[in-house]
Protein chains: 2
Amino acid sequence: MDRQDALAPIRERFRLPADMIYLDGNSLGAMPQSVPDAVHEVVVDQWAAHLIKGWNDDGWMDLPHRVGSRIGELIGAPPESVAACDSTSINLFKLISGALRIQEEASRGAVILTDSGNFPSDLYILDSVGELRIVEPDEVLESITPDVAVVALTEVDYGTGRRHNMHAITEAAHAVGALVVWDLAHSAGAFPVDLAGVGADFAVGCGYKYLNGGPGAPGFVYIAPRHQSHFENPLKGWLGHAQPFDFSSEFRPAPGISRAIVGTPSVIGLTVMDSALTVFDHVSLEQIAAKSAKLTGLFMDLIRQRTDPEAFEILTPLIPEERGSQVSLRNSNAYPIVRALIERGVVGDFRAPDIARFGFAPLYVRYVDVWDAVTAIAEVIDSGEWNQPRFNQRFSVT
Amino acid sequence: MDRQDALAPIRERFRLPADMIYLDGNSLGAMPQSVPDAVHEVVVDQWAAHLIKGWNDDGWMDLPHRVGSRIGELIGAPPESVAACDSTSINLFKLISGALRIQEEASRGAVILTDSGNFPSDLYILDSVGELRIVEPDEVLESITPDVAVVALTEVDYGTGRRHNMHAITEAAHAVGALVVWDLAHSAGAFPVDLAGVGADFAVGCGYKYLNGGPGAPGFVYIAPRHQSHFENPLKGWLGHAQPFDFSSEFRPAPGISRAIVGTPSVIGLTVMDSALTVFDHVSLEQIAAKSAKLTGLFMDLIRQRTDPEAFEILTPLIPEERGSQVSLRNSNAYPIVRALIERGVVGDFRAPDIARFGFAPLYVRYVDVWDAVTAIAEVIDSGEWNQPRFNQRFSVT
């Protein structure tokens, strides 16, 4: 399968540890080979050499837009509709607040519909700005009633890998006059997203998962062109101002997507992302999606064929269109199992309370990695190797 | 003066362009020599090599606290009271919202007192969350009336360099039951700040000016220990949660300063800052303040002695304790004058509408630079060299 994989050469664009099968790119993407030179250039050839002049000479001020444009191409966003900035939570706060304000002006109240599969910190933000209504993921469509102001969902469930039908949900929301905010944290870079095609209103996403922007990379924010002129950012910063260098004491929002920006761009982090995103150059998103479906499908097949049928419940949908690029296995000992696998060099992660989660980044995970990972999983289970006290010492990161 | 300067050797800790007199460290600090290795290490030896394990093995999760502690030592903050994260505007939003919430619970209304010398984007944030009352800088003390809920000021005026009396203002605010939020953007790293000594409630500041954290570096946030347990962050993120890895759907704030954090730490940016802040190791803040006063005083003296007395109005206070580490000169042609100086390699900056601003970072600016800068200024003025069309093409960055 690897020999027939048209994406196989893309793996060379990453620097990967030789002794690791990395199935956690949905938590922290691998480092593109171009990053060390790019980061050296920005600190030595730009910051140290040009100092303040870098803002003009090195195009720093445009970085949120430049990186945003690259991301926009991966998520079906029209030009000038994506900016890279801040963290996912902060970007979600901006968009939910802005969407609610639009709805309040239309006297549509402040009910936010979401689901229990949303990432917990998305729920914290939603709960802090509106009236939260949480339903089960499969009840979302029927719960979009006329009293809902905003539907806010993460497309791919970080826990189970279940993927929502963005098109159907967005359409149903618009039919009752609701706005939709999508969190694409586990979508962008893993398969094509078609924001313009589904008519999405707003979206946020994460820079350090499938976009490989590095630990704590800036997130991104999408505002549909039709909303940009009336979107009000609750975080009024000087780079969201129409004329930052007038130093006016009155806030006047910038036109377009710029109004979603707040403070000075994180030049070093954005430069890393700008460079990292070149791994997507000349790569077809359809090929990425096809490989994602094959990798995850193969993994589930092999888990069924090669491990004790009692060992795992597969939480991830079997139909490719209904899942992201991860597979989640339930086992009450998921934590020590994941730790034992990490010790063997097979790196997935644990999600409380009982999920072993494996991400398959199509740009650098090989089919042979899937085979070898399942071999390790089967051995860890069959041998009882996981059942050692040292594997219960707790640590874990998204 | 340089030969007698105990801080002179510290300049070697920075990489500075040979052909530039850099008087804009109050906008973007120079690059410490340790940064290129530090940034290479974090991307190649940590991110690429350890991937997700970096969060534990490389101490990434602790970066906001580690960098916060370094900054805390420069601003008189007790241990565990400073975190480095997000941008100054976003941090100000957190603190002002949190301070107002405390005051609202005490039925003290939402009046925020500030001054016209505050940075414009601070005003945007203040205006978006409370009832803004703007007075002149010299009217602040008398304007602290019992109906004021929060006093929010930038210690050093970015335009004029005027410095507030933090002690007197904080004391006056507390006397009427108001809380104080200080913006230390132009203070931290330029002279000692004594947050604990003056009894400040809250503070924010900027990482890329006198702290030399690089373009768009994370800012910082200070919460006095006495407020930490009841401070409510309006931006509820997963790293402000008491148990992020429980993935609980209910937000429960972390104890201590952690609750001021929102999303995943910007590991690369914070690593740069962590390294950059080592330039302050074994350097006395009192020496820094003394050199700052001497550099700025010398500059003003030489401007008076060596330039046309009609050319500039000096906006910066003559008394050292009443100014920051910058000098602002007013001239209706400040813009082309600054541009002409930049062409000569003397880099200050322009602040609308008519200010030529020169910052003196005591760790790397020499007395000879002050002399040479004034020579260039005098020549640019006397020759009329500034009066050329190309110097009126607009660009400028904080």
# chains A, B, ... in the order shown; residues from 1 in each chain; ligands from 1
$ select_by_dssp --residues "range 104-247 of chain B" --states "strand (DSSP E)" --output "compact mmCIF listing (two decimals) with N, CA and C atoms, in the first residue's frame"
# COMPACT_ATOMS: atom_id res chain seq x y z
N VAL B 111 -17.52 52.29 36.76
CA VAL B 111 -16.74 53.43 36.27
C VAL B 111 -15.25 53.08 36.26
N ILE B 112 -14.63 53.25 35.09
CA ILE B 112 -13.19 53.05 34.95
C ILE B 112 -12.55 54.41 34.72
N LEU B 113 -11.65 54.79 35.61
CA LEU B 113 -10.92 56.05 35.44
C LEU B 113 -9.61 55.77 34.70
N THR B 114 -9.38 56.53 33.65
CA THR B 114 -8.09 56.43 32.97
C THR B 114 -7.68 57.82 32.51
N ASP B 115 -6.56 57.90 31.77
CA ASP B 115 -6.14 59.22 31.31
C ASP B 115 -5.91 59.24 29.81
N GLU B 131 -17.59 51.71 32.05
CA GLU B 131 -18.04 53.08 31.79
C GLU B 131 -16.80 53.97 31.91
N LEU B 132 -16.32 54.42 30.77
CA LEU B 132 -14.99 55.04 30.74
C LEU B 132 -15.03 56.52 31.11
N ARG B 133 -14.11 56.90 31.97
CA ARG B 133 -13.95 58.30 32.34
C ARG B 133 -12.49 58.68 32.08
N ILE B 134 -12.27 59.54 31.10
CA ILE B 134 -10.90 59.89 30.69
C ILE B 134 -10.56 61.29 31.17
N VAL B 135 -9.49 61.42 31.93
CA VAL B 135 -9.04 62.73 32.39
C VAL B 135 -7.61 62.98 31.88
N VAL B 150 -12.65 51.18 39.14
CA VAL B 150 -11.33 50.71 38.74
C VAL B 150 -10.53 51.88 38.15
N VAL B 151 -9.29 52.00 38.56
CA VAL B 151 -8.36 52.94 37.94
C VAL B 151 -7.45 52.12 37.01
N ALA B 152 -7.41 52.48 35.75
CA ALA B 152 -6.62 51.71 34.78
C ALA B 152 -5.71 52.67 34.02
N LEU B 153 -4.42 52.51 34.22
CA LEU B 153 -3.45 53.44 33.65
C LEU B 153 -2.23 52.72 33.10
N THR B 154 -1.62 53.33 32.10
CA THR B 154 -0.29 52.89 31.69
C THR B 154 0.71 53.75 32.44
N LEU B 179 -10.07 49.58 42.69
CA LEU B 179 -8.98 48.68 42.35
C LEU B 179 -8.14 49.31 41.24
N VAL B 180 -6.88 48.91 41.15
CA VAL B 180 -5.98 49.51 40.15
C VAL B 180 -5.39 48.46 39.22
N VAL B 181 -5.48 48.72 37.93
CA VAL B 181 -4.85 47.87 36.92
C VAL B 181 -3.78 48.70 36.22
N TRP B 182 -2.54 48.26 36.34
CA TRP B 182 -1.42 48.98 35.71
C TRP B 182 -0.98 48.30 34.43
N ASP B 183 -0.77 49.08 33.39
CA ASP B 183 -0.13 48.58 32.18
C ASP B 183 1.34 48.98 32.24
N PHE B 202 -3.63 44.60 40.05
CA PHE B 202 -3.47 43.87 38.79
C PHE B 202 -2.49 44.62 37.90
N ALA B 203 -1.85 43.88 37.00
CA ALA B 203 -0.99 44.54 36.02
C ALA B 203 -0.85 43.67 34.78
N VAL B 204 -0.63 44.35 33.67
CA VAL B 204 -0.29 43.66 32.42
C VAL B 204 0.97 44.31 31.86
N GLY B 205 1.53 43.68 30.85
CA GLY B 205 2.68 44.29 30.21
C GLY B 205 3.03 43.54 28.94
N PHE B 220 2.24 39.67 29.50
CA PHE B 220 2.17 39.04 30.83
C PHE B 220 1.04 39.65 31.64
N VAL B 221 0.69 38.92 32.68
CA VAL B 221 -0.43 39.31 33.51
C VAL B 221 -0.04 39.06 34.98
N TYR B 222 -0.33 40.06 35.81
CA TYR B 222 -0.06 39.96 37.25
C TYR B 222 -1.37 40.08 38.01
N ILE B 223 -1.58 39.17 38.96
CA ILE B 223 -2.71 39.28 39.87
C ILE B 223 -2.16 39.19 41.29
$ closest_atom_pairs --of "chain B" --to "chain A" --cutoff "6 Å" --atoms "only C-alpha atoms" --output "Markdown table"
| residue | atom | partner | partner_atom | distance |
| --- | --- | --- | --- | --- |
| B:Pro17 | CA | A:Ala49 | CA | 5.6 |
| B:Leu28 | CA | A:Ile52 | CA | 5.8 |
| B:Met31 | CA | A:Ala48 | CA | 5.2 |
| B:Ala48 | CA | A:Met31 | CA | 5.2 |
| B:Ala49 | CA | A:Pro17 | CA | 5.6 |
| B:Ile52 | CA | A:Leu28 | CA | 5.8 |
| B:Ser87 | CA | A:Gly263 | CA | 5.8 |
| B:Pro120 | CA | A:Ser249 | CA | 4.9 |
| B:Ser121 | CA | A:Trp238 | CA | 5.1 |
| B:Tyr124 | CA | A:Lys236 | CA | 5.7 |
| B:Ile125 | CA | A:Lys236 | CA | 5.7 |
| B:Pro215 | CA | A:Val267 | CA | 5.5 |
| B:Gly216 | CA | A:Ser266 | CA | 4.0 |
| B:Ala217 | CA | A:Ser266 | CA | 6.0 |
| B:Lys236 | CA | A:Tyr124 | CA | 5.7 |
| B:Gly237 | CA | A:Ser121 | CA | 5.5 |
| B:Trp238 | CA | A:Ser121 | CA | 5.1 |
| B:Phe247 | CA | A:Pro120 | CA | 5.8 |
| B:Ser249 | CA | A:Pro120 | CA | 4.9 |
| B:Phe251 | CA | A:Tyr124 | CA | 5.8 |
| B:Gly263 | CA | A:Ser87 | CA | 5.8 |
| B:Thr264 | CA | A:Gly216 | CA | 5.3 |
| B:Pro265 | CA | A:Gly216 | CA | 5.1 |
| B:Ser266 | CA | A:Gly216 | CA | 4.1 |
| B:Val267 | CA | A:Gly216 | CA | 5.4 |
$ write_last_selection --atoms "C-alpha atoms" --output "PDB file, in the first residue's frame"
ATOM      1  CA  PRO B  17      23.484  45.604  13.609  1.00  0.00           C
ATOM      2  CA  LEU B  28      10.862  46.306  19.644  1.00  0.00           C
ATOM      3  CA  MET B  31      17.733  40.182  20.002  1.00  0.00           C
ATOM      4  CA  ALA B  48      10.778  17.404  16.125  1.00  0.00           C
ATOM      5  CA  ALA B  49      12.455  14.877  18.400  1.00  0.00           C
ATOM      6  CA  ILE B  52       3.848  15.284  22.029  1.00  0.00           C
ATOM      7  CA  SER B  87      -1.287  39.711  24.011  1.00  0.00           C
ATOM      8  CA  PRO B 120      -5.270  53.995  22.440  1.00  0.00           C
ATOM      9  CA  SER B 121      -5.857  50.262  22.328  1.00  0.00           C
ATOM     10  CA  TYR B 124     -10.627  50.484  23.343  1.00  0.00           C
ATOM     11  CA  ILE B 125     -10.563  47.573  25.773  1.00  0.00           C
ATOM     12  CA  PRO B 215       8.263  40.662  17.562  1.00  0.00           C
ATOM     13  CA  GLY B 216       4.781  39.835  18.823  1.00  0.00           C
ATOM     14  CA  ALA B 217       6.115  38.073  21.932  1.00  0.00           C
ATOM     15  CA  LYS B 236     -12.425  30.477  30.262  1.00  0.00           C
ATOM     16  CA  GLY B 237      -9.875  28.264  28.612  1.00  0.00           C
ATOM     17  CA  TRP B 238      -8.718  24.782  29.289  1.00  0.00           C
ATOM     18  CA  PHE B 247     -11.859  17.054  30.279  1.00  0.00           C
ATOM     19  CA  SER B 249     -17.612  19.864  30.768  1.00  0.00           C
ATOM     20  CA  PHE B 251     -15.361  25.040  34.147  1.00  0.00           C
ATOM     21  CA  GLY B 263      -5.310  28.245  25.749  1.00  0.00           C
ATOM     22  CA  THR B 264      -2.274  26.114  25.020  1.00  0.00           C
ATOM     23  CA  PRO B 265       0.951  28.034  25.730  1.00  0.00           C
ATOM     24  CA  SER B 266       2.816  29.478  22.726  1.00  0.00           C
ATOM     25  CA  VAL B 267       5.797  27.231  23.278  1.00  0.00           C
TER      26      VAL B 267
END
$ residues_around --residues "Ala290 in chain A" --least-positions-apart "6" --cutoff "12 Å" --atoms "only C-alpha atoms" --output "list in words"
Asp5, Ala6, Leu7, Ala190, Phe191, Pro192, Ser284, Thr296, Gly297, Pro320, Glu321, Gly324, Ser325, Phe360, Ala361, Pro362 and Leu363 of chain A
$ write_last_selection --atoms "C-alpha atoms" --output "PDB file, in the first residue's frame"
ATOM      1  CA  ASP A   5       0.648   5.697  -2.173  1.00  0.00           C
ATOM      2  CA  ALA A   6       0.997   8.889  -4.202  1.00  0.00           C
ATOM      3  CA  LEU A   7       1.421  10.823  -0.951  1.00  0.00           C
ATOM      4  CA  ALA A 190      -6.858  16.249   7.580  1.00  0.00           C
ATOM      5  CA  PHE A 191      -9.477  16.348   4.824  1.00  0.00           C
ATOM      6  CA  PRO A 192     -11.071  19.045   2.646  1.00  0.00           C
ATOM      7  CA  SER A 284      -4.441  17.358  -3.338  1.00  0.00           C
ATOM      8  CA  THR A 296      -8.171   4.730   9.690  1.00  0.00           C
ATOM      9  CA  GLY A 297     -10.144   1.966   7.952  1.00  0.00           C
ATOM     10  CA  PRO A 320     -15.383   7.142   6.245  1.00  0.00           C
ATOM     11  CA  GLU A 321     -17.468  10.290   5.725  1.00  0.00           C
ATOM     12  CA  GLY A 324     -12.147  12.370  11.120  1.00  0.00           C
ATOM     13  CA  SER A 325      -8.584  11.154  10.765  1.00  0.00           C
ATOM     14  CA  PHE A 360      -3.409   9.310  11.391  1.00  0.00           C
ATOM     15  CA  ALA A 361      -1.900  12.370   9.761  1.00  0.00           C
ATOM     16  CA  PRO A 362      -2.065  11.425   6.074  1.00  0.00           C
ATOM     17  CA  LEU A 363       0.981  13.463   5.109  1.00  0.00           C
TER      18      LEU A 363
END
$ closest_residue --among "B:Arg101, B:Arg13, B:Lys209, B:His164" --to "Arg323 in chain B" --atoms "only C-alpha atoms"
B:His164
$ select_by_dssp --residues "range 29-158 of chain B" --states "helix (DSSP H, G or I)" --output "ChimeraX atom specification"
/B:35-57,60-74,88-105,120-129,137-143
$ residues_around --residues "Gly197 in chain B" --least-positions-apart "5" --cutoff "12 Å" --atoms "only C-alpha atoms" --output "number ranges by chain"
B: 75-78, 166-168, 170-171, 192, 224
$ residues_around --residues "Phe391 in chain A" --least-positions-apart "6" --cutoff "7 Å" --atoms "only C-alpha atoms" --output "MDAnalysis selection string"
chainID A and resid 336 339:340
$ residues_around --residues "Ile377 in chain A" --least-positions-apart "6" --cutoff "9 Å" --atoms "only C-alpha atoms" --output "PyMOL selection string"
chain A and resi 303+307+337-338+341+346
$ write_last_selection --atoms "C-alpha atoms" --output "PDB file, in the first residue's frame"
ATOM      1  CA  ILE A 303      -7.649  -4.150  15.309  1.00  0.00           C
ATOM      2  CA  THR A 307      -6.482  -8.194  18.728  1.00  0.00           C
ATOM      3  CA  ILE A 337      -2.215   0.584  27.641  1.00  0.00           C
ATOM      4  CA  VAL A 338      -1.360   3.901  25.988  1.00  0.00           C
ATOM      5  CA  LEU A 341       2.596   1.545  23.831  1.00  0.00           C
ATOM      6  CA  VAL A 346       3.965   3.703  19.411  1.00  0.00           C
TER       7      VAL A 346
END
$ closest_residue --among "B:Gly59, B:Gly161, B:Pro64, B:Pro79" --to "Leu195 in chain B" --atoms "only C-alpha atoms"
B:Pro79
$ atom_distance --atom1 "CA of Glu232 in chain B" --atom2 "CA of Glu232 in chain A"
23.4 Å
$ residues_around --residues "Arg66 in chain A" --least-positions-apart "2" --cutoff "12 Å" --atoms "only C-alpha atoms" --output "ChimeraX atom specification"
/A:59-64,68-73,79-85,220,258,265,267,270-271,273-275,277-278
$ atom_distance --atom1 "CA of Arg357 in chain B" --atom2 "CA of Gln326 in chain B"
7.0 Å
